[in-house]
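A.B. asks: First, the structure itself, so that you have it in front of you.
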Amino acid sequence: MEILIGAVLIKQNVNNYYMVLPWKKILMGIILLLIVISLSYLLYIFFFKSEITTTPTTFIPSDTVLEPGQLPEVVTRPTDQVSPDDTSFQGLVPSKVARGGLTEVQKNTFSSSKGAMTSSQGLVFYDSSSGKFLKVLSNGQLAEYSDKVFHQVESITWDRNGSQAILEYPDGANILYDFQEKKQITLPKEMREFTFSNDGNQIAAEVIGPNKENNWIVTANSNGSNIRFIEQIGDRASDVNVDFSPNNQVVATFRDSYDANRQEIIFIGQNQENFKSFVPEGRGFEGVWTPNGTRMFYSVYSANTSFKPQLWIVDAQGNNIGLNNTDLRLNTWAHKCTINGSGGSAYCAVPRDLPTGSGWYPELANEVPDDFYLINLETGSYSLLAVPDSDTGYQAQNVMLSSDESTLYFTNSDNNVYSIDLP
């Protein structure tokens, strides 16, 4: 009997053990899971989580007094973007002159404007509603730049002084008009991507024919005579940027693939010169010559910049091509910049927070507002010049400087031209 009772008790204890064991297993499993999650998070914090990096931007109080031509002192502060809503700007009254803070912006034209440029006579643009070229007078009033009417002009390329312009039409027709001489010259329909030489006596362009064998870079006199075939470009026209160097030796640059992350930039001369090439640290090359033609101001994008365009400057003449390649550390495109007459400074519209991949897909930045920066091209330093006083912001497409460097103009995405007064 005792043995039977003992056996029953043992069996009952065993059953009780198996009844309790699953709950213990569940509890221990939960504890272990929490421990694993906690350790994983700590490992992530210490070893895998990338530091939050911010691009140093500059802030100069709006009451800072600058002498004419004086560059604002670079003062960095840790923020990845500058915004009128930033606490640094709250309560500030917009300055009438750009001094590094909130700045008033003036509207100069209307939405039917096109092809704006600055000349010795001021801001000049084409008004598509009237078909006339107009200029903005010093008092802000508009006046005719020419009494001639040009209907439905699609694209405009100016010479350096604003005395000549090549007008392209939707049907492919091209004319060169001399505003001083009031003369009109018809250019071949096959021509496109025009540029003027520094003195305005020559033009260069791409000629695109019915077959790729007919595609060339050409030069000609500004009266259309003496057409010369410089370089055959085949089906690579999209990799060519026709742009005379200030000394007229180079007529275009060509982008050729170098490796997965970089392109080789080849300089094409008028007379089959064997110029050196250089390899920038990225792709999507956009270049602008400095006024004396010794350097090139450019933008490229790469994995190192999260595929956002970034500004650089490099020597670009003779045996110095490719030397002193300097990263200017600002994320924007070269076409959103302009260089002053001496070549010592660049004025740039810089998006406040460019999305990753905007070098590949520029449309990602269409709604991102711009602020304006001043870059010292001699030292490579930069400073915030102006935060436009606007609720919606501006997206500058074309930045221009007045001939006396007292006004910065830009064409906004709404086709209006706006201006900022400089110190």
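Every chain in the structure tokens takes a letter, A first, then B, and so on in the order presented; its residues are numbered from 1, and the ligands are numbered from 1 following the presented order.
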Taking the backbone alone, and naming residues the way the document does, which bits of region 212-357 of chain A are helix (DSSP H, G or I) by DSSP, as a PDB file with C-alpha atoms, in the first residue's frame?

C.D. replies:
```pdb
ATOM      1  CA  LYS A 212      25.665  60.396 -85.835  1.00  0.00           C
ATOM      2  CA  GLU A 213      28.498  60.740 -88.363  1.00  0.00           C
ATOM      3  CA  ASN A 214      27.162  64.236 -89.090  1.00  0.00           C
ATOM      4  CA  ALA A 237      26.416  65.065 -77.651  1.00  0.00           C
ATOM      5  CA  SER A 238      24.916  64.773 -74.158  1.00  0.00           C
ATOM      6  CA  ASP A 239      28.458  64.507 -72.753  1.00  0.00           C
ATOM      7  CA  ALA A 303      28.887  58.382 -52.965  1.00  0.00           C
ATOM      8  CA  ASN A 304      31.032  60.528 -50.648  1.00  0.00           C
ATOM      9  CA  THR A 305      28.469  63.335 -50.956  1.00  0.00           C
ATOM     10  CA  GLY A 318      48.015  74.556 -70.000  1.00  0.00           C
ATOM     11  CA  ASN A 319      50.231  72.232 -68.005  1.00  0.00           C
ATOM     12  CA  ASN A 320      48.416  73.192 -64.789  1.00  0.00           C
ATOM     13  CA  ALA A 334      27.686  75.175 -60.682  1.00  0.00           C
ATOM     14  CA  HIS A 335      24.866  76.546 -62.844  1.00  0.00           C
ATOM     15  CA  LYS A 336      23.323  78.061 -59.690  1.00  0.00           C
TER      16      LYS A 336
END
```

A.B. asks: Within 8 Å of Trp158 (chain A), counting only C-alpha atoms, which residues show up once you throw out same-chain ones fewer than 4 positions away? Write them as a tab-separated table (two decimals) with N, CA and C atoms, in the first residue's frame, please.

C.D. replies:
```
chain	number	residue	atom	x	y	z
A	117	MET	N	19.77	88.51	-68.53
A	117	MET	CA	21.22	88.65	-68.36
A	117	MET	C	21.52	90.06	-67.91
A	162	GLY	N	26.08	91.67	-73.85
A	162	GLY	CA	24.66	91.89	-74.11
A	162	GLY	C	24.39	92.64	-75.39
A	163	SER	N	25.38	92.71	-76.28
A	163	SER	CA	25.18	93.43	-77.54
A	163	SER	C	24.69	92.51	-78.66
A	164	GLN	N	24.90	91.18	-78.49
A	164	GLN	CA	24.43	90.21	-79.48
A	164	GLN	C	23.74	89.06	-78.75
A	165	ALA	N	22.81	88.44	-79.45
A	165	ALA	CA	22.13	87.27	-78.89
A	165	ALA	C	21.74	86.31	-80.00
A	166	ILE	N	21.85	85.03	-79.72
A	166	ILE	CA	21.37	84.00	-80.65
A	166	ILE	C	20.00	83.54	-80.15
A	195	THR	N	27.46	79.15	-77.90
A	195	THR	CA	28.23	79.98	-76.97
A	195	THR	C	29.00	81.01	-77.78
A	196	PHE	N	29.25	82.17	-77.15
A	196	PHE	CA	30.05	83.23	-77.76
A	196	PHE	C	31.46	83.20	-77.20
```

A.B. asks: Need to verify the contact set: Phe194 (chain A), 7 Å, only C-alpha atoms, exclusion of same-chain residues closer than 4 positions in sequence. Can you return it as an mmCIF file with N, CA and C atoms, in the first residue's frame?

C.D. replies:
```cif
data_model
loop_
_atom_site.group_PDB
_atom_site.id
_atom_site.type_symbol
_atom_site.label_atom_id
_atom_site.label_comp_id
_atom_site.auth_asym_id
_atom_site.auth_seq_id
_atom_site.Cartn_x
_atom_site.Cartn_y
_atom_site.Cartn_z
ATOM 1 N N THR A 157 20.803 82.923 -76.150
ATOM 2 C CA THR A 157 22.211 82.882 -75.743
ATOM 3 C C THR A 157 22.832 84.243 -76.008
ATOM 4 N N ILE A 203 31.428 82.357 -82.551
ATOM 5 C CA ILE A 203 30.461 81.500 -81.868
ATOM 6 C C ILE A 203 30.923 80.058 -82.012
ATOM 7 N N ALA A 204 30.491 79.221 -81.092
ATOM 8 C CA ALA A 204 30.704 77.773 -81.199
ATOM 9 C C ALA A 204 29.366 77.114 -80.940
ATOM 10 N N ALA A 205 29.199 75.919 -81.467
ATOM 11 C CA ALA A 205 27.919 75.218 -81.329
ATOM 12 C C ALA A 205 28.102 73.750 -81.658
ATOM 13 N N VAL A 242 29.552 72.841 -74.768
ATOM 14 C CA VAL A 242 30.202 73.832 -75.624
ATOM 15 C C VAL A 242 30.315 75.134 -74.848
#
```

A.B. asks: Between A:Ser222, A:Gln397, A:Asn201, A:Thr392, single out the one closest to Lys183 (chain A), counting only C-alpha atoms.

C.D. replies: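 So, comparing all the options, the nearest one is A:Ser222.
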
A.B. asks: With distances taken over only C-alpha atoms, which of A:His151, A:Thr109, A:Pro355, A:Gln270 is nearest to Leu134 (chain A)?

C.D. replies: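 Selected residue with least distance to Leu134 (chain A): A:Thr109.
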
A.B. asks: Using only C-alpha atoms, find the one residue out of A:Thr338, A:Ser402, A:Asn325, A:Asn416 that sits nearest to Ser119 (chain A).

C.D. replies: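 Nearest to Ser119 (chain A): A:Ser402.
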
A.B. asks: Looking at only C-alpha atoms, which of A:Ala346, A:Leu123, A:Ala316, A:Val240 is the one that sits closest to Leu385 (chain A)?

C.D. replies: A:Ala346

A.B. asks: Which residue out of A:Gln202, A:Gln263, A:Asn274, A:Asn211 has the minimum interatomic distance to Glu286 (chain A) when only C-alpha atoms are used?

C.D. replies: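 Among the listed residues, A:Gln263 lies closest to Glu286 (chain A).
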
A.B. asks: Skip Arg228 (chain A) itself and residues of its chain fewer than 6 positions away, then list as a VMD selection string all residues within 9 Å of it, counting only C-alpha atoms.

C.D. replies: chain A and resid 217 to 220 270

A.B. asks: I'd like the contact shell of Gln152 (chain A) - 7 Å cut-off, only C-alpha atoms, skipping same-chain residues fewer than 6 positions apart - returned as a list in words.

C.D. replies: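 Near Gln152 (chain A), the qualifying residues are Ser128, Gly131 and Tyr169 of chain A.
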
A.B. asks: The selected residues should be written to file as an mmCIF file, in the first residue's frame (atoms: N, CA and C atoms).

C.D. replies:
```cif
data_model
loop_
_atom_site.group_PDB
_atom_site.id
_atom_site.type_symbol
_atom_site.label_atom_id
_atom_site.label_comp_id
_atom_site.auth_asym_id
_atom_site.auth_seq_id
_atom_site.Cartn_x
_atom_site.Cartn_y
_atom_site.Cartn_z
ATOM 1 N N SER A 128 8.090 87.441 -73.362
ATOM 2 C CA SER A 128 7.404 86.605 -74.353
ATOM 3 C C SER A 128 5.998 87.092 -74.664
ATOM 4 N N GLY A 131 6.951 90.041 -77.077
ATOM 5 C CA GLY A 131 7.918 89.705 -78.111
ATOM 6 C C GLY A 131 9.090 90.672 -78.162
ATOM 7 N N TYR A 169 14.176 79.129 -82.047
ATOM 8 C CA TYR A 169 12.723 79.068 -82.165
ATOM 9 C C TYR A 169 12.234 77.615 -82.115
#
```

A.B. asks: Neighbouring residues of Glu273 (chain A) were defined as those with any atom within 12 Å, considering only C-alpha atoms; residues of the same chain fewer than 6 positions away were excluded. Please report them as a list of chain:residue names.

C.D. replies: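 Here the answer would be A:Ile230, A:Glu231, A:Gln249, A:Val250, A:Val251, A:Ile266, A:Phe267, A:Gly318.
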